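Chemist: Provided herewith is a single structure, encoded as structure tokens, for subsequent inquiry.
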Amino acid sequence: MGYLVSPGTVFTVMLIILILYVTLFLTWKPLLESPRFYGKHALPVGARHSTMAVKRNLTGLFNTGKPDLIRDNVSETRPRSGSSTITLPTLTSREDVYKRAKMVKSACNITTSPDADVKAVTELLRKRLVVPIQFLIEDKYKVLFCQIPKAGSTNVKRLFIVANKQKNITSDLDFMSNKAHQVWREERTLYQYLTPAIKNFEETTKRLLENYTKILFVRHPFERLVSYYRMMFQIFSYEGTDVSRSSWDIFNRVRRLYHRPEIPRHPSQNLTQLFPFRDFIQFVIDHSKRTKDGSWKVDSYVDIHWLPISEQCFPCQVRYDIIGKLETFDEDLDQVAKHVGIRQKILYPSSMKRKTFGHVKEAFKTLSLQQIAELKRIYSQDFKLFNYEHDE
């Protein structure tokens, strides 16, 4: 004779089992997904949270052997345990390009005369010009453009180059007609740059500052960093142009600065494993300190990709007429075109547009709170002048 079990007893047992399952799942799931379960190292940007991904990351540039001229405290590279919110501009935050320029002038508290500005700019160009191609002179449209890599500079130049080549003023301006490498090549033949080497330097500086439209495009500092890292160490491409050779050159430069052993280049080698995002950021932090104290040299054409905009374009001395933002690039570029007299419709395909926004928060999860605090310090002037926010 079998035992009879009442439906009520079965229901109670099943309910207890369900409660135990849910409790264990909620307890262990976060731990299993956390890099701390496998070790102290965070995942590289874009990596899946898996055991193998974390183990592979242990071979990172700064994680092999003992710390050697890398940082004062090795805990700087640990992912932060506290919660922090990275505040980035959204597409709904619109600012007029002229109003933005006025806000910068107000933040700089400019009280000097235009003549004093000319003198200050000439001195800055002599002593602190980062690269000779920084200030591009577009004579046809009377524009002085300070170009910042990873802030839309290629597309601003593309606007002028395509418009200059367009014979029919009623035809659309097709940005796809000029690839990035064509823009860079044609730029060198079409334009001059404002440098101390230009003829009649002081007179030319005065003429440009007083008579040309001064234009600057900016981008959130954290997004610039992630965009550059993704281009150089994840995608190895800019608009279809292979940059992998430059990627390895930069990696080897960093390796030598930190006295790390040579690593042979191999096509299958993943640089996000050798040089994860948190290590790149530690390099940027150390770079800021050591180039200022003279122990490291600035590699101008590379370092401009992450140097603060305020250190490159002198926004408190050059009274910019227009300041655009990559976050609102379509609208801002359209205002630039109308301001200088370009009336054609701009065909600006989505393949050329901003792609980094969704990756920033994930990338910054791998950083320590100390690293984020250092970045806020390094880019504090950019945050202030260009009205960008970060978490407090």
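Each chain in the structure tokens gets a letter, A, B and so on, in the order shown; residues start at 1 in every chain, and ligands are counted from 1 in the order they appear.
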Report as a PyMOL selection string all protein, DNA and RNA residues lying within 12 Å of stretch 285-294 of chain A, evaluated on only C-alpha atoms, omitting residues in the same chain fewer than 2 positions from it.
Modeler: chain A and resi 69-72+76-77+225+253-254+257-258+278-283+296-300+303-304+306-308+311+370-379
Chemist: Keeping N, CA, C and O atoms for every residue in the selection just given, could you write it to a file as a short mmCIF file (atom, residue, chain, number, x, y, z; two decimals), in the first residue's frame?
Modeler:
```
data_model
loop_
_atom_site.label_atom_id
_atom_site.label_comp_id
_atom_site.auth_asym_id
_atom_site.auth_seq_id
_atom_site.Cartn_x
_atom_site.Cartn_y
_atom_site.Cartn_z
N LEU A 69 58.35 51.41 -12.80
CA LEU A 69 58.16 52.78 -13.26
C LEU A 69 56.77 52.97 -13.87
O LEU A 69 56.60 53.71 -14.83
N ILE A 70 55.78 52.31 -13.31
CA ILE A 70 54.44 52.39 -13.87
C ILE A 70 53.56 53.30 -13.04
O ILE A 70 52.97 54.24 -13.53
N ARG A 71 53.49 53.04 -11.77
CA ARG A 71 52.58 53.83 -10.94
C ARG A 71 53.07 53.80 -9.50
O ARG A 71 53.84 52.94 -9.10
N ASP A 72 52.61 54.76 -8.73
CA ASP A 72 52.99 54.81 -7.32
C ASP A 72 52.26 53.74 -6.51
O ASP A 72 52.77 53.25 -5.53
N GLU A 76 45.92 51.29 -8.42
CA GLU A 76 45.30 52.21 -9.38
C GLU A 76 44.66 51.48 -10.54
O GLU A 76 43.71 51.97 -11.13
N THR A 77 45.16 50.30 -10.88
CA THR A 77 44.61 49.62 -12.04
C THR A 77 43.50 48.65 -11.68
O THR A 77 42.98 47.98 -12.55
N LEU A 225 38.79 59.64 -25.53
CA LEU A 225 39.72 58.60 -25.10
C LEU A 225 39.26 57.22 -25.58
O LEU A 225 40.06 56.44 -26.13
N ARG A 253 56.08 51.82 -28.16
CA ARG A 253 56.55 53.04 -27.49
C ARG A 253 56.21 52.98 -26.00
O ARG A 253 57.05 53.25 -25.13
N VAL A 254 54.96 52.60 -25.70
CA VAL A 254 54.54 52.49 -24.30
C VAL A 254 55.34 51.42 -23.58
O VAL A 254 55.80 51.60 -22.44
N LEU A 257 58.71 52.74 -22.67
CA LEU A 257 58.65 53.74 -21.59
C LEU A 257 58.55 53.07 -20.22
O LEU A 257 59.06 53.59 -19.23
N TYR A 258 57.86 51.93 -20.18
CA TYR A 258 57.71 51.21 -18.92
C TYR A 258 58.72 50.07 -18.75
O TYR A 258 58.59 49.25 -17.85
N ARG A 278 42.28 49.95 -19.37
CA ARG A 278 42.71 50.55 -18.10
C ARG A 278 44.21 50.86 -18.13
O ARG A 278 44.68 51.83 -17.52
N ASP A 279 45.01 50.06 -18.87
CA ASP A 279 46.44 50.32 -18.98
C ASP A 279 46.70 51.52 -19.89
O ASP A 279 47.62 52.31 -19.64
N PHE A 280 45.91 51.63 -20.95
CA PHE A 280 46.01 52.81 -21.81
C PHE A 280 45.73 54.08 -21.00
O PHE A 280 46.44 55.08 -21.12
N ILE A 281 44.69 54.03 -20.17
CA ILE A 281 44.34 55.19 -19.35
C ILE A 281 45.45 55.49 -18.34
O ILE A 281 45.79 56.67 -18.11
N GLN A 282 46.07 54.46 -17.75
CA GLN A 282 47.17 54.71 -16.83
C GLN A 282 48.34 55.38 -17.56
O GLN A 282 49.01 56.26 -17.01
N PHE A 283 48.55 54.97 -18.81
CA PHE A 283 49.58 55.61 -19.62
C PHE A 283 49.24 57.09 -19.85
O PHE A 283 50.12 57.96 -19.75
N TRP A 296 59.48 62.39 -19.88
CA TRP A 296 59.03 61.81 -21.14
C TRP A 296 58.91 62.92 -22.18
O TRP A 296 58.63 64.07 -21.84
N LYS A 297 59.10 62.56 -23.45
CA LYS A 297 58.93 63.52 -24.54
C LYS A 297 57.56 63.35 -25.17
O LYS A 297 57.02 62.25 -25.24
N VAL A 298 57.02 64.46 -25.66
CA VAL A 298 55.74 64.43 -26.36
C VAL A 298 55.97 63.97 -27.79
O VAL A 298 56.84 64.49 -28.48
N ASP A 299 55.20 62.98 -28.22
CA ASP A 299 55.19 62.56 -29.62
C ASP A 299 53.98 63.25 -30.25
O ASP A 299 52.86 62.74 -30.24
N SER A 300 54.20 64.43 -30.80
CA SER A 300 53.12 65.37 -31.12
C SER A 300 52.00 64.78 -31.95
O SER A 300 50.82 64.89 -31.59
N ASP A 303 50.18 62.10 -29.74
CA ASP A 303 49.64 62.53 -28.44
C ASP A 303 48.50 63.52 -28.56
O ASP A 303 47.69 63.66 -27.63
N ILE A 304 48.39 64.21 -29.69
CA ILE A 304 47.27 65.16 -29.87
C ILE A 304 45.92 64.45 -29.82
O ILE A 304 44.90 65.10 -29.63
N TRP A 306 44.85 62.55 -27.53
CA TRP A 306 44.27 62.54 -26.18
C TRP A 306 44.64 63.77 -25.35
O TRP A 306 44.08 63.97 -24.26
N LEU A 307 45.55 64.60 -25.81
CA LEU A 307 45.87 65.81 -25.06
C LEU A 307 44.62 66.67 -24.92
O LEU A 307 43.81 66.75 -25.84
N PRO A 308 44.44 67.35 -23.78
CA PRO A 308 43.26 68.21 -23.61
C PRO A 308 43.17 69.25 -24.72
O PRO A 308 44.18 69.79 -25.18
N GLU A 311 44.71 72.62 -24.13
CA GLU A 311 46.16 72.74 -24.25
C GLU A 311 46.61 72.84 -25.71
O GLU A 311 47.78 73.11 -25.97
N GLN A 370 40.39 56.05 -8.55
CA GLN A 370 41.54 56.94 -8.57
C GLN A 370 41.89 57.35 -10.00
O GLN A 370 42.22 58.51 -10.26
N GLN A 371 41.80 56.40 -10.94
CA GLN A 371 42.08 56.74 -12.33
C GLN A 371 41.07 57.74 -12.87
O GLN A 371 41.44 58.70 -13.55
N ILE A 372 39.80 57.55 -12.55
CA ILE A 372 38.77 58.47 -13.01
C ILE A 372 38.98 59.86 -12.41
O ILE A 372 38.83 60.88 -13.08
N ALA A 373 39.36 59.90 -11.14
CA ALA A 373 39.65 61.19 -10.49
C ALA A 373 40.81 61.90 -11.19
O ALA A 373 40.79 63.12 -11.37
N GLU A 374 41.84 61.14 -11.58
CA GLU A 374 42.98 61.73 -12.29
C GLU A 374 42.55 62.27 -13.66
O GLU A 374 43.00 63.34 -14.08
N LEU A 375 41.68 61.55 -14.34
CA LEU A 375 41.20 62.02 -15.64
C LEU A 375 40.40 63.31 -15.50
O LEU A 375 40.52 64.23 -16.32
N LYS A 376 39.60 63.39 -14.46
CA LYS A 376 38.84 64.62 -14.22
C LYS A 376 39.78 65.80 -14.00
O LYS A 376 39.50 66.92 -14.44
N ARG A 377 40.88 65.54 -13.31
CA ARG A 377 41.85 66.61 -13.07
C ARG A 377 42.53 67.02 -14.38
O ARG A 377 42.64 68.22 -14.68
N ILE A 378 42.95 66.05 -15.17
CA ILE A 378 43.66 66.34 -16.42
C ILE A 378 42.78 67.13 -17.38
O ILE A 378 43.24 68.07 -18.03
N TYR A 379 41.50 66.76 -17.46
CA TYR A 379 40.60 67.39 -18.43
C TYR A 379 39.66 68.42 -17.78
O TYR A 379 38.64 68.77 -18.38
#
```
Chemist: Taking only C-alpha atoms into account, name the residue in A:Phe314, A:Arg343, A:Leu124, A:Gln269 that is nearest to A:Leu173.
Modeler: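 Smallest separation from A:Leu173 among the options: A:Arg343.
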Chemist: From the set A:Ile110, A:Leu208, A:Cys313, A:Val226, which residue has the shortest atom-to-atom contact distance to A:Val360, counting only C-alpha atoms?
Modeler: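 That would be A:Val226, the residue with the smallest distance to A:Val360.
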Chemist: Where in stretch 77-249 of chain A does DSSP assign strand (DSSP E), given as a ChimeraX atom specification?
Modeler: /A:135-138,143-146,173-174,192-193,213-218,237-238,241-242
Chemist: Once you have the residues from the selection above, write them out as a PDB file, in the first residue's frame, restricted to N, CA, C and O atoms.
Modeler:
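What follows is the written file again-v1.pdb:
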```
ATOM      1  N   PHE A 135      46.572  74.645 -36.679  1.00  0.00           N
ATOM      2  CA  PHE A 135      45.692  75.725 -37.118  1.00  0.00           C
ATOM      3  C   PHE A 135      45.701  75.805 -38.645  1.00  0.00           C
ATOM      4  O   PHE A 135      46.656  76.284 -39.259  1.00  0.00           O
ATOM      5  N   LEU A 136      44.613  75.333 -39.248  1.00  0.00           N
ATOM      6  CA  LEU A 136      44.502  75.281 -40.702  1.00  0.00           C
ATOM      7  C   LEU A 136      43.887  76.574 -41.230  1.00  0.00           C
ATOM      8  O   LEU A 136      42.898  77.073 -40.677  1.00  0.00           O
ATOM      9  N   ILE A 137      44.472  77.108 -42.302  1.00  0.00           N
ATOM     10  CA  ILE A 137      43.996  78.364 -42.908  1.00  0.00           C
ATOM     11  C   ILE A 137      43.240  78.040 -44.189  1.00  0.00           C
ATOM     12  O   ILE A 137      43.816  77.528 -45.155  1.00  0.00           O
ATOM     13  N   GLU A 138      41.946  78.305 -44.199  1.00  0.00           N
ATOM     14  CA  GLU A 138      41.096  78.121 -45.381  1.00  0.00           C
ATOM     15  C   GLU A 138      40.790  79.505 -45.945  1.00  0.00           C
ATOM     16  O   GLU A 138      39.939  80.238 -45.429  1.00  0.00           O
ATOM     17  N   VAL A 143      38.463  81.090 -43.145  1.00  0.00           N
ATOM     18  CA  VAL A 143      38.304  80.320 -41.907  1.00  0.00           C
ATOM     19  C   VAL A 143      39.673  79.992 -41.330  1.00  0.00           C
ATOM     20  O   VAL A 143      40.599  79.615 -42.054  1.00  0.00           O
ATOM     21  N   LEU A 144      39.808  80.129 -40.013  1.00  0.00           N
ATOM     22  CA  LEU A 144      40.950  79.612 -39.260  1.00  0.00           C
ATOM     23  C   LEU A 144      40.406  78.502 -38.380  1.00  0.00           C
ATOM     24  O   LEU A 144      39.611  78.745 -37.474  1.00  0.00           O
ATOM     25  N   PHE A 145      40.804  77.273 -38.672  1.00  0.00           N
ATOM     26  CA  PHE A 145      40.232  76.093 -38.015  1.00  0.00           C
ATOM     27  C   PHE A 145      41.289  75.392 -37.173  1.00  0.00           C
ATOM     28  O   PHE A 145      42.311  74.954 -37.687  1.00  0.00           O
ATOM     29  N   CYS A 146      41.031  75.295 -35.870  1.00  0.00           N
ATOM     30  CA  CYS A 146      41.925  74.519 -35.004  1.00  0.00           C
ATOM     31  C   CYS A 146      41.418  73.083 -34.982  1.00  0.00           C
ATOM     32  O   CYS A 146      40.328  72.802 -34.474  1.00  0.00           O
ATOM     33  N   LEU A 173      26.742  68.069 -51.674  1.00  0.00           N
ATOM     34  CA  LEU A 173      28.129  67.782 -51.290  1.00  0.00           C
ATOM     35  C   LEU A 173      28.188  66.368 -50.736  1.00  0.00           C
ATOM     36  O   LEU A 173      27.704  66.101 -49.628  1.00  0.00           O
ATOM     37  N   ASP A 174      28.765  65.466 -51.505  1.00  0.00           N
ATOM     38  CA  ASP A 174      28.818  64.057 -51.120  1.00  0.00           C
ATOM     39  C   ASP A 174      30.123  63.772 -50.389  1.00  0.00           C
ATOM     40  O   ASP A 174      31.193  63.723 -50.994  1.00  0.00           O
ATOM     41  N   GLN A 192      47.617  76.139 -46.031  1.00  0.00           N
ATOM     42  CA  GLN A 192      48.733  76.535 -45.182  1.00  0.00           C
ATOM     43  C   GLN A 192      48.290  76.412 -43.729  1.00  0.00           C
ATOM     44  O   GLN A 192      47.098  76.278 -43.423  1.00  0.00           O
ATOM     45  N   TYR A 193      49.271  76.495 -42.844  1.00  0.00           N
ATOM     46  CA  TYR A 193      48.985  76.414 -41.413  1.00  0.00           C
ATOM     47  C   TYR A 193      49.611  77.611 -40.711  1.00  0.00           C
ATOM     48  O   TYR A 193      50.665  78.115 -41.129  1.00  0.00           O
ATOM     49  N   THR A 213      36.862  83.747 -39.791  1.00  0.00           N
ATOM     50  CA  THR A 213      35.985  83.052 -38.846  1.00  0.00           C
ATOM     51  C   THR A 213      36.794  81.973 -38.143  1.00  0.00           C
ATOM     52  O   THR A 213      37.338  81.073 -38.791  1.00  0.00           O
ATOM     53  N   LYS A 214      36.870  82.060 -36.851  1.00  0.00           N
ATOM     54  CA  LYS A 214      37.686  81.123 -36.066  1.00  0.00           C
ATOM     55  C   LYS A 214      36.772  80.001 -35.564  1.00  0.00           C
ATOM     56  O   LYS A 214      35.800  80.261 -34.856  1.00  0.00           O
ATOM     57  N   ILE A 215      37.111  78.772 -35.950  1.00  0.00           N
ATOM     58  CA  ILE A 215      36.234  77.619 -35.706  1.00  0.00           C
ATOM     59  C   ILE A 215      36.967  76.552 -34.897  1.00  0.00           C
ATOM     60  O   ILE A 215      38.146  76.260 -35.136  1.00  0.00           O
ATOM     61  N   LEU A 216      36.244  75.954 -33.964  1.00  0.00           N
ATOM     62  CA  LEU A 216      36.768  74.856 -33.149  1.00  0.00           C
ATOM     63  C   LEU A 216      35.649  73.837 -32.947  1.00  0.00           C
ATOM     64  O   LEU A 216      34.506  74.213 -32.678  1.00  0.00           O
ATOM     65  N   PHE A 217      35.973  72.554 -33.101  1.00  0.00           N
ATOM     66  CA  PHE A 217      35.034  71.479 -32.767  1.00  0.00           C
ATOM     67  C   PHE A 217      35.608  70.680 -31.602  1.00  0.00           C
ATOM     68  O   PHE A 217      36.808  70.367 -31.578  1.00  0.00           O
ATOM     69  N   VAL A 218      34.743  70.342 -30.642  1.00  0.00           N
ATOM     70  CA  VAL A 218      35.183  69.668 -29.426  1.00  0.00           C
ATOM     71  C   VAL A 218      34.374  68.389 -29.224  1.00  0.00           C
ATOM     72  O   VAL A 218      33.405  68.115 -29.940  1.00  0.00           O
ATOM     73  N   SER A 237      41.302  50.447 -37.596  1.00  0.00           N
ATOM     74  CA  SER A 237      40.848  51.026 -38.854  1.00  0.00           C
ATOM     75  C   SER A 237      40.207  52.379 -38.609  1.00  0.00           C
ATOM     76  O   SER A 237      39.559  52.601 -37.587  1.00  0.00           O
ATOM     77  N   TYR A 238      40.412  53.291 -39.589  1.00  0.00           N
ATOM     78  CA  TYR A 238      39.696  54.560 -39.602  1.00  0.00           C
ATOM     79  C   TYR A 238      39.117  54.756 -40.991  1.00  0.00           C
ATOM     80  O   TYR A 238      39.865  54.913 -41.959  1.00  0.00           O
ATOM     81  N   THR A 241      40.724  52.678 -43.548  1.00  0.00           N
ATOM     82  CA  THR A 241      42.182  52.769 -43.638  1.00  0.00           C
ATOM     83  C   THR A 241      42.807  51.968 -42.502  1.00  0.00           C
ATOM     84  O   THR A 241      42.495  52.195 -41.331  1.00  0.00           O
ATOM     85  N   ASP A 242      43.666  51.018 -42.843  1.00  0.00           N
ATOM     86  CA  ASP A 242      44.305  50.157 -41.849  1.00  0.00           C
ATOM     87  C   ASP A 242      45.308  50.961 -41.022  1.00  0.00           C
ATOM     88  O   ASP A 242      46.212  51.596 -41.566  1.00  0.00           O
TER      89      ASP A 242
END
```
Chemist: Enumerate, as a list in words, the complete set of residues in stretch 175-218 of chain A that a backbone-based DSSP assignment places in helix (DSSP H, G or I).
Modeler: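 After running DSSP on the backbone, stretch 175-218 of chain A has helix (DSSP H, G or I) at Phe175, Met176, Ser177, Ala180, His181, Gln182, Val183, Trp184, Arg185, Glu186, Glu187, Arg188, Thr189, Leu190, Phe201, Glu202, Glu203, Thr204, Thr205, Lys206, Arg207, Leu208, Leu209, Glu210 and Asn211 of chain A.
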Chemist: Within 12 Å of A:Glu202, counting only C-alpha atoms, which residues show up once you throw out same-chain ones fewer than 2 positions away? Write them as a list in words, please.
Modeler: Asp115, Asp117, Val118, Lys119, Ala120, Val121, Thr122, Glu123, Leu124, Leu125, Arg126, Leu194, Thr195, Pro196, Ala197, Ile198, Lys199, Asn200, Thr204, Thr205, Lys206, Arg207, Leu208 and Leu209 of chain A
